[in-house]
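Visitor: Okay, here's the structure, questions in a sec.
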Amino acid sequence: LSYLLTDSIFQKQFVYEEVTSTQTVAHELLMEHDEPLLILSEIQTVGRGRFKRPWASKRDTGLWMSLVLHPNISYQQIATFNLFISIAIAEAIKNVTQLEPKIKWPNDVYINDKKVCGFLTEINGDSDGVHTIICGIGININHTIEDFDESIRDTATSFKLESKKETDRYIFIKALIDSIEHYYEAFLSQPFKELKEIYKGYSMIWDRTLRYTEGNKQIYGKAVDLKDDGVLVVLDDTGERHHFISADIEV
Ligand code: BTN
């Protein structure tokens with residue numbers, strides 16, 4: 001891996017055979033390192049998704065990775081980080097596989113209406129702002145249908161299932177890291193509004209009535225706007241507008 005990433009900001013790479021979760025390992029390693037970290041594992045025994053859901057992470061199938069970054073930004077600025085990262089992931093998938101990835105706001109990437117990638121962003125900070133971002137990314141690459149748990153076979157997919165061919169995981173990792181570095185740089189230097197049209201081009205939620213759940217609130221509606229600060233505006237059947245900073249959307 002290191003020879004693929006000689007120009008990368010991720011000069012500290014930790015590659016494991018098996019861990020509980022690369023997120024957990026990342027939280028431990030960041031105590032001892034001040035520089036950006038890349039943590040990869042072939043297997044995760046307790047991979048985790050958003051909303052405390054488990055994330056299946058078998059050997060040879062996907063990419064299970066956590067990145068540690070030290071941006072020094074305000075809590076307000078972190079709100080658009082996921083938007084930049086989702087463009088980075090979608091663009092890397094498109095370039096390597098020639099498939100048509102779509103972003104499902106705020107944290108997923110889909111291909112042909114099935115989930116191929118999920119990521120989660122955790123932060124460490126204090127009264128001065130956000131000091132550390134721990135971004136965990138899971139991508140289904142060479143899964144066959146049997147590699148997925150039966151409960152998600154209708155809703156999950158992999159590059160292989162969609163393109164009918166194997167993807168070299170290291171070629172993909174290199175493309176993904178390049179793309180993430182590019183969009184992380186953009187995140188630090190440009191307001192999201194400059195990338196909004198690119199984001200909307202990848203987005204799969206426009207013009208569809210979908211179910212939005214955030215905490216106890218649940219509505220059916222259509223996304224009509226994504227504000228410059230990352231807030232999603234959803235219009236329900238009665239014409240009422242709802243604002244979401246994060247949500248679970250059922251497609
Ligand atoms: C989701 O869709 O809910 C987010 C899934 C995130 C999975 C990745 S795999 C690498 C990292 N380690 C984890 O335990 N989770 C993230």
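Going through the structure tokens in order, the chains are called A, B, and so on, while each chain numbers its residues from 1 and the ligands are numbered from 1 in the order shown.
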How close does each residue of chain A get to ligand 1, giving the shortest atom pair and distance in Å to one decimal for every residue with an atom at most 6 Å away, counting only C-alpha atoms and all ligand atoms, sorted by chain and residue number, as a tab-separated table?
Guide:
residue	atom	partner	partner_atom_place_in_ligand_line	distance
A:Ser21	CA	ligand 1	14 (O)	4.1
A:Thr22	CA	ligand 1	12 (N)	4.4
A:Gln23	CA	ligand 1	12 (N)	4.6
A:Gly47	CA	ligand 1	14 (O)	3.4
A:Arg48	CA	ligand 1	14 (O)	3.8
A:Gly49	CA	ligand 1	3 (O)	3.2
A:Arg50	CA	ligand 1	3 (O)	3.6
A:Trp55	CA	ligand 1	7 (C)	5.8
A:Trp64	CA	ligand 1	10 (C)	4.0
A:Met65	CA	ligand 1	10 (C)	4.3
A:Ser66	CA	ligand 1	11 (C)	5.4
A:Gly118	CA	ligand 1	2 (O)	3.3
A:Phe119	CA	ligand 1	4 (C)	4.0
A:Leu120	CA	ligand 1	4 (C)	5.0
A:Gly136	CA	ligand 1	11 (C)	3.8
A:Ile137	CA	ligand 1	8 (C)	4.2
A:Gly138	CA	ligand 1	9 (S)	3.7
Visitor: Show me, as a ChimeraX atom specification, the residues that have an atom within 8 Å of Ser163 (chain A) when counting only C-alpha atoms, minus same-chain residues fewer than 4 positions from it.
Guide: /A:97,99,159
Visitor: Take the residues just selected and output them with N, CA and C atoms as a PDB file, in the first residue's frame.
Guide:
ATOM      1  N   THR A  97     -14.863   2.130 -12.049  1.00  0.00           N
ATOM      2  CA  THR A  97     -15.775   1.058 -12.503  1.00  0.00           C
ATOM      3  C   THR A  97     -16.593   1.416 -13.737  1.00  0.00           C
ATOM      4  N   LEU A  99     -19.313   2.629 -13.607  1.00  0.00           N
ATOM      5  CA  LEU A  99     -20.718   2.506 -13.208  1.00  0.00           C
ATOM      6  C   LEU A  99     -21.251   3.905 -12.885  1.00  0.00           C
ATOM      7  N   PHE A 159     -19.589  -3.648  -6.537  1.00  0.00           N
ATOM      8  CA  PHE A 159     -19.122  -3.316  -7.897  1.00  0.00           C
ATOM      9  C   PHE A 159     -19.266  -4.557  -8.783  1.00  0.00           C
TER      10      PHE A 159
END
Visitor: Write out as a ChimeraX atom specification all residues of region 23-100 of chain A that DSSP puts in helix (DSSP H, G or I) for this structure's backbone.
Guide: /A:23-29,50-52,75-78,81-97
Visitor: Store the residues picked out above in a file with C-alpha atoms, as a PDB file, in the first residue's frame.
Guide:
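Listing of again.pdb after writing:
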ATOM      1  CA  GLN A  23     -13.127   3.090  13.835  1.00  0.00           C
ATOM      2  CA  THR A  24     -12.277   1.764  17.292  1.00  0.00           C
ATOM      3  CA  VAL A  25      -8.632   1.283  16.299  1.00  0.00           C
ATOM      4  CA  ALA A  26      -8.565   4.806  14.826  1.00  0.00           C
ATOM      5  CA  HIS A  27      -9.814   6.300  18.100  1.00  0.00           C
ATOM      6  CA  GLU A  28      -6.968   4.532  19.931  1.00  0.00           C
ATOM      7  CA  LEU A  29      -4.232   5.402  17.422  1.00  0.00           C
ATOM      8  CA  ARG A  50     -24.807   4.546  11.560  1.00  0.00           C
ATOM      9  CA  PHE A  51     -27.552   4.259  14.179  1.00  0.00           C
ATOM     10  CA  LYS A  52     -25.574   1.460  15.899  1.00  0.00           C
ATOM     11  CA  TYR A  75     -18.371  23.063  14.484  1.00  0.00           C
ATOM     12  CA  GLN A  76     -20.319  24.988  11.868  1.00  0.00           C
ATOM     13  CA  GLN A  77     -17.813  24.117   9.136  1.00  0.00           C
ATOM     14  CA  ILE A  78     -17.937  20.367   9.813  1.00  0.00           C
ATOM     15  CA  PHE A  81     -17.714  17.499   5.371  1.00  0.00           C
ATOM     16  CA  ASN A  82     -19.968  14.550   4.475  1.00  0.00           C
ATOM     17  CA  LEU A  83     -21.065  16.289   1.298  1.00  0.00           C
ATOM     18  CA  PHE A  84     -17.491  16.678   0.064  1.00  0.00           C
ATOM     19  CA  ILE A  85     -16.608  13.099   1.042  1.00  0.00           C
ATOM     20  CA  SER A  86     -19.608  11.654  -0.739  1.00  0.00           C
ATOM     21  CA  ILE A  87     -18.630  13.407  -3.964  1.00  0.00           C
ATOM     22  CA  ALA A  88     -15.086  12.052  -3.524  1.00  0.00           C
ATOM     23  CA  ILE A  89     -16.345   8.480  -3.094  1.00  0.00           C
ATOM     24  CA  ALA A  90     -18.858   8.668  -5.946  1.00  0.00           C
ATOM     25  CA  GLU A  91     -16.266  10.116  -8.319  1.00  0.00           C
ATOM     26  CA  ALA A  92     -13.680   7.436  -7.489  1.00  0.00           C
ATOM     27  CA  ILE A  93     -16.288   4.687  -8.036  1.00  0.00           C
ATOM     28  CA  LYS A  94     -17.333   6.208 -11.356  1.00  0.00           C
ATOM     29  CA  ASN A  95     -13.753   6.567 -12.608  1.00  0.00           C
ATOM     30  CA  VAL A  96     -12.644   3.059 -11.665  1.00  0.00           C
ATOM     31  CA  THR A  97     -15.775   1.058 -12.503  1.00  0.00           C
TER      32      THR A  97
END
Visitor: Name the residues in contact with region 233-242 of chain A at a cut-off of 6 Å, using only C-alpha atoms, excluding same-chain residues fewer than 3 positions from it; report them as a list in words.
Guide: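 Neighbouring residues, sequence-local ones excluded: Tyr220, Gly221, Lys222, Ala223, Val224 and Asp225 of chain A.
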Visitor: CA of Gln44 (chain A) to CA of Ser57 (chain A): how many Å, to one decimal?
Guide: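 Going from CA of Gln44 (chain A) over to CA of Ser57 (chain A) covers 5.3 Å.
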Visitor: Just to confirm, what's the straight-line distance from CA of Ser74 (chain A) to CA of Asp128 (chain A) in Å (one decimal)?
Guide: 7.3 Å
